[in-house]
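Below you'll find the structure, written out as structure tokens, and then a few comments.
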Amino acid sequence: TTRLGLVFAMAEEQQGLAEHLQDVQIHHIGKREYRSGTLWGVACVCVLSGIGKVAAASTVTSLIQHFGVTEIVLSGVAGAADASLRVGDIVIADELIQHDMNAFPIFPKFEIPRSGKSRFATSAQLSQQLTQAAQIFIAQQMNQHISAAARAQFGLEQVQIVAGLIASGDQFIQDLQVLAGLKQELPDLLAVEMEGAAIAQVCDDFEIPYAIMRTISDEANEHAHLDFKQFIHEVAAQYSLGILREFCAD
Ligand code: ADE
């Protein structure tokens, strides 16, 4: 039977979720609080991993080893790494890469030694379910959960959902030159964040299906930290909750 592990890097990305979790049991492991229970009918364990690859990797390892989750989903925000993307657009990873992994010339740049790969593929099935949930959220729920003022402020009228490559690294990217360097090496890159590819590596080791969903909060440029702060405070959780509700209902 399904036991879903739900990971968020920051409290702002899951604000309000706790109210929907029923039959809650709280467990503390490794300075993390794991909340197990039933979320919209689905058995689940929710956790705040904290920011960065190590925090995400150790948290996901506990989800798998201690809680026996059968699948893992992360919901959060990311910086845009493609000119076609705007704040509020949704990126569902089909592959993830650690952009700060480089053991060249011992291993090819980006390759994770021992795994033999640099790109990790997400679960097509979970990603498809998230895509459908996001479509329903945008078409039916978004206007109820996000105020007209916030939609106007962030320009959320023409939200798109795209699938593709997400890169993770222990770095908040706020420099178009840094971003251009990444794009040169990874032309198909859509978004940058700080946890997804770490979760991918651990799930690959344990052969656990996983999916990573990110809403664009900023354009990884010099305004990124301000755009990011506003977005996570005002709308990030509405996306997470709205989409996960549809995902669980599915
Ligand atoms: N998460 C959200 N925006 C980001 C950025 N610009 N860089 C890294 N992680 C992010």
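Chain labels run A, B, ... following the order of the structure tokens; each chain numbers its residues from 1, and ligands are numbered from 1 in the order shown.
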
Inset, instruction - Write out as a ChimeraX atom specification each polymer residue whose atoms come within 9 Å of A:Ile161, counting only C-alpha atoms; drop sequence neighbours fewer than 2 positions from it. - result: /A:89-92,131,134-135,159,163

Inset, instruction - Please identify which residues in stretch 9-242 of chain A DSSP calls strand (DSSP E) from the backbone, and express them as a PyMOL selection string. - result: chain A and resi 21-29+32-39+42-48+71-80+90-98+119-121+161-168+189-193+210-218

Selected residues, C-alpha atoms, written as a PDB file, in the first residue's frame, please.
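The result, written out as result06.pdb:
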```
ATOM      1  CA  LEU A  21      -3.339  16.102   8.219  1.00  0.00           C
ATOM      2  CA  GLN A  22      -5.488  13.705  10.265  1.00  0.00           C
ATOM      3  CA  ASP A  23      -4.548  11.087  12.886  1.00  0.00           C
ATOM      4  CA  VAL A  24      -1.222  12.821  13.302  1.00  0.00           C
ATOM      5  CA  GLN A  25       1.729  11.236  15.016  1.00  0.00           C
ATOM      6  CA  ILE A  26       4.865  13.264  15.562  1.00  0.00           C
ATOM      7  CA  HIS A  27       8.349  11.745  15.478  1.00  0.00           C
ATOM      8  CA  HIS A  28      11.680  13.475  15.964  1.00  0.00           C
ATOM      9  CA  ILE A  29      14.744  12.148  14.164  1.00  0.00           C
ATOM     10  CA  ARG A  32      13.634  16.999  11.967  1.00  0.00           C
ATOM     11  CA  GLU A  33       9.955  16.711  12.859  1.00  0.00           C
ATOM     12  CA  TYR A  34       8.158  14.002  10.879  1.00  0.00           C
ATOM     13  CA  ARG A  35       4.356  14.112  10.922  1.00  0.00           C
ATOM     14  CA  SER A  36       2.682  10.919   9.865  1.00  0.00           C
ATOM     15  CA  GLY A  37      -1.035  10.706   9.247  1.00  0.00           C
ATOM     16  CA  THR A  38      -3.678  10.825   6.564  1.00  0.00           C
ATOM     17  CA  LEU A  39      -3.682  13.718   4.121  1.00  0.00           C
ATOM     18  CA  VAL A  42      -3.666   9.300   1.591  1.00  0.00           C
ATOM     19  CA  ALA A  43      -1.300   7.765   4.178  1.00  0.00           C
ATOM     20  CA  CYS A  44       1.577  10.126   4.348  1.00  0.00           C
ATOM     21  CA  VAL A  45       4.614  11.415   6.258  1.00  0.00           C
ATOM     22  CA  CYS A  46       5.248  15.171   5.977  1.00  0.00           C
ATOM     23  CA  VAL A  47       8.565  16.787   6.824  1.00  0.00           C
ATOM     24  CA  LEU A  48      10.439  20.051   6.576  1.00  0.00           C
ATOM     25  CA  GLU A  71       7.067   7.222  -2.913  1.00  0.00           C
ATOM     26  CA  ILE A  72       8.368  10.738  -2.401  1.00  0.00           C
ATOM     27  CA  VAL A  73       7.127  14.109  -3.628  1.00  0.00           C
ATOM     28  CA  LEU A  74       8.749  17.488  -3.049  1.00  0.00           C
ATOM     29  CA  SER A  75       6.818  20.688  -3.598  1.00  0.00           C
ATOM     30  CA  GLY A  76       8.454  24.102  -3.499  1.00  0.00           C
ATOM     31  CA  VAL A  77       9.795  27.030  -5.477  1.00  0.00           C
ATOM     32  CA  ALA A  78      12.660  27.492  -7.936  1.00  0.00           C
ATOM     33  CA  GLY A  79      14.440  30.151  -9.937  1.00  0.00           C
ATOM     34  CA  ALA A  80      13.690  30.265 -13.670  1.00  0.00           C
ATOM     35  CA  ILE A  90       5.026  25.313 -12.671  1.00  0.00           C
ATOM     36  CA  VAL A  91       7.953  23.066 -13.546  1.00  0.00           C
ATOM     37  CA  ILE A  92       7.648  19.333 -12.981  1.00  0.00           C
ATOM     38  CA  ALA A  93      11.057  17.683 -13.262  1.00  0.00           C
ATOM     39  CA  ASP A  94      11.507  14.841 -15.706  1.00  0.00           C
ATOM     40  CA  GLU A  95      15.238  14.823 -14.874  1.00  0.00           C
ATOM     41  CA  LEU A  96      17.446  16.335 -12.168  1.00  0.00           C
ATOM     42  CA  ILE A  97      21.146  17.169 -12.091  1.00  0.00           C
ATOM     43  CA  GLN A  98      23.506  18.430  -9.376  1.00  0.00           C
ATOM     44  CA  ARG A 119      20.916  13.039 -14.783  1.00  0.00           C
ATOM     45  CA  PHE A 120      18.359  11.209 -12.664  1.00  0.00           C
ATOM     46  CA  ALA A 121      14.924  10.478 -14.093  1.00  0.00           C
ATOM     47  CA  ILE A 161       3.000  23.866 -16.635  1.00  0.00           C
ATOM     48  CA  VAL A 162       6.165  22.461 -18.184  1.00  0.00           C
ATOM     49  CA  ALA A 163       8.222  19.292 -17.791  1.00  0.00           C
ATOM     50  CA  GLY A 164      11.997  19.167 -18.081  1.00  0.00           C
ATOM     51  CA  LEU A 165      15.402  19.430 -16.474  1.00  0.00           C
ATOM     52  CA  ILE A 166      15.860  20.951 -13.005  1.00  0.00           C
ATOM     53  CA  ALA A 167      19.334  21.573 -11.544  1.00  0.00           C
ATOM     54  CA  SER A 168      20.147  21.621  -7.838  1.00  0.00           C
ATOM     55  CA  LEU A 189      17.753  23.545 -18.142  1.00  0.00           C
ATOM     56  CA  LEU A 190      14.409  24.973 -16.964  1.00  0.00           C
ATOM     57  CA  ALA A 191      14.880  25.829 -13.286  1.00  0.00           C
ATOM     58  CA  VAL A 192      17.373  25.979 -10.433  1.00  0.00           C
ATOM     59  CA  GLU A 193      16.819  25.056  -6.795  1.00  0.00           C
ATOM     60  CA  TYR A 210       9.842  10.234  -6.675  1.00  0.00           C
ATOM     61  CA  ALA A 211       8.693  13.481  -8.259  1.00  0.00           C
ATOM     62  CA  ILE A 212       9.770  17.113  -7.884  1.00  0.00           C
ATOM     63  CA  MET A 213       7.365  19.987  -8.494  1.00  0.00           C
ATOM     64  CA  ARG A 214       8.530  23.593  -8.452  1.00  0.00           C
ATOM     65  CA  THR A 215       6.753  26.903  -8.882  1.00  0.00           C
ATOM     66  CA  ILE A 216       8.904  29.685 -10.318  1.00  0.00           C
ATOM     67  CA  SER A 217       9.443  32.330  -7.619  1.00  0.00           C
ATOM     68  CA  ASP A 218      12.132  34.424  -9.308  1.00  0.00           C
TER      69      ASP A 218
END
```

Inset, instruction - Please measure the separation of atom CA of A:Asp175 and atom CA of A:Arg86, giving the value in Å to one decimal. - result: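 Separating atom CA of A:Asp175 from atom CA of A:Arg86 is a distance of 16.6 Å.
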
Inset, instruction - Go through stretch 209-246 of chain A and collect every residue that DSSP, computed from the backbone, puts in alpha helix (DSSP H); the answer should be as number ranges by chain. - result: A: 224-234, 236-246

Suppose we keep C-alpha atoms; can you now write the selection as a compact mmCIF listing (two decimals), in the first residue's frame?
```txt
# COMPACT_ATOMS: atom_id res chain seq x y z
CA ALA A 224 15.89 37.10 -7.12
CA HIS A 225 16.17 37.34 -3.34
CA LEU A 226 13.38 39.96 -3.10
CA ASP A 227 11.11 38.21 -5.61
CA PHE A 228 11.73 34.90 -3.84
CA LYS A 229 10.86 36.34 -0.41
CA GLN A 230 7.62 37.92 -1.62
CA PHE A 231 6.58 34.82 -3.51
CA ILE A 232 7.18 32.37 -0.67
CA HIS A 233 5.43 34.61 1.84
CA GLU A 234 2.37 35.26 -0.26
CA ALA A 236 3.99 29.44 -2.58
CA ALA A 237 1.94 27.51 -0.03
CA GLN A 238 -1.29 28.07 -1.99
CA TYR A 239 0.29 26.30 -4.94
CA SER A 240 1.64 23.44 -2.80
CA LEU A 241 -1.61 22.86 -0.94
CA GLY A 242 -3.89 23.33 -3.93
CA ILE A 243 -1.95 20.96 -6.15
CA LEU A 244 -1.28 18.34 -3.47
CA ARG A 245 -4.98 18.29 -2.59
CA GLU A 246 -5.81 17.39 -6.20
```

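In this comparison, which uses only C-alpha atoms and all ligand atoms, the residue of A:Gly116, A:Pro209, A:Gly5, A:Gly88 approaching ligand 1 most closely is A:Gly88.
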
Legend entry - Residue with smallest distance to ligand 1 - pool A:Ile173, A:Leu63, A:Val54, A:Val202, counting only C-alpha atoms and all ligand atoms: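 Distance minimum relative to ligand 1 lands on A:Ile173.
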
Inset, instruction - May I ask which of the residues A:Glu12, A:Glu207, A:Asp170, A:Asp188 is the closest one to ligand 1, counting only C-alpha atoms and all ligand atoms? - result: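 Smallest separation from ligand 1 among the options: A:Asp170.
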
At most 12 Å is the cut-off: for each residue in stretch 146-210 of chain A with any atom that close to an atom of stretch 105-111 of chain A, write down the nearest atom pair and the distance in Å rounded to one decimal, counting only C-alpha atoms, chain first then increasing number, as a tab-separated table.
```
residue	atom	partner	partner_atom	distance
A:Ala167	CA	A:Phe110	CA	10.3
A:Ser168	CA	A:Phe110	CA	10.9
A:Gly169	CA	A:Phe110	CA	10.9
A:Leu182	CA	A:Phe110	CA	11.3
A:Glu185	CA	A:Lys109	CA	9.9
A:Leu186	CA	A:Phe110	CA	10.4
A:Ala197	CA	A:Phe110	CA	11.1
A:Gln201	CA	A:Glu111	CA	11.1
```

Export of prior selection with C-alpha atoms as an mmCIF file, in the first residue's frame:
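Written out: result.cif:
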```
data_model
loop_
_atom_site.group_PDB
_atom_site.id
_atom_site.type_symbol
_atom_site.label_atom_id
_atom_site.label_comp_id
_atom_site.auth_asym_id
_atom_site.auth_seq_id
_atom_site.Cartn_x
_atom_site.Cartn_y
_atom_site.Cartn_z
ATOM 1 C CA ALA A 167 19.334 21.573 -11.544
ATOM 2 C CA SER A 168 20.147 21.621 -7.838
ATOM 3 C CA GLY A 169 23.152 22.983 -5.985
ATOM 4 C CA LEU A 182 24.816 26.851 -16.449
ATOM 5 C CA GLU A 185 26.486 23.530 -20.323
ATOM 6 C CA LEU A 186 22.852 22.477 -19.844
ATOM 7 C CA ALA A 197 18.672 16.369 -7.327
ATOM 8 C CA GLN A 201 20.170 10.545 -5.902
#
```

Inset, instruction - Please measure the separation of atom CA of A:Ser118 and atom CA of A:Glu219, giving the value in Å to one decimal. - result: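 Pair atom CA of A:Ser118 / atom CA of A:Glu219 returns 24.2 Å.
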
Legend entry - Between atom CA of A:Val87 and atom CA of A:Ile138 - distance in Å to one decimal: 14.0 Å
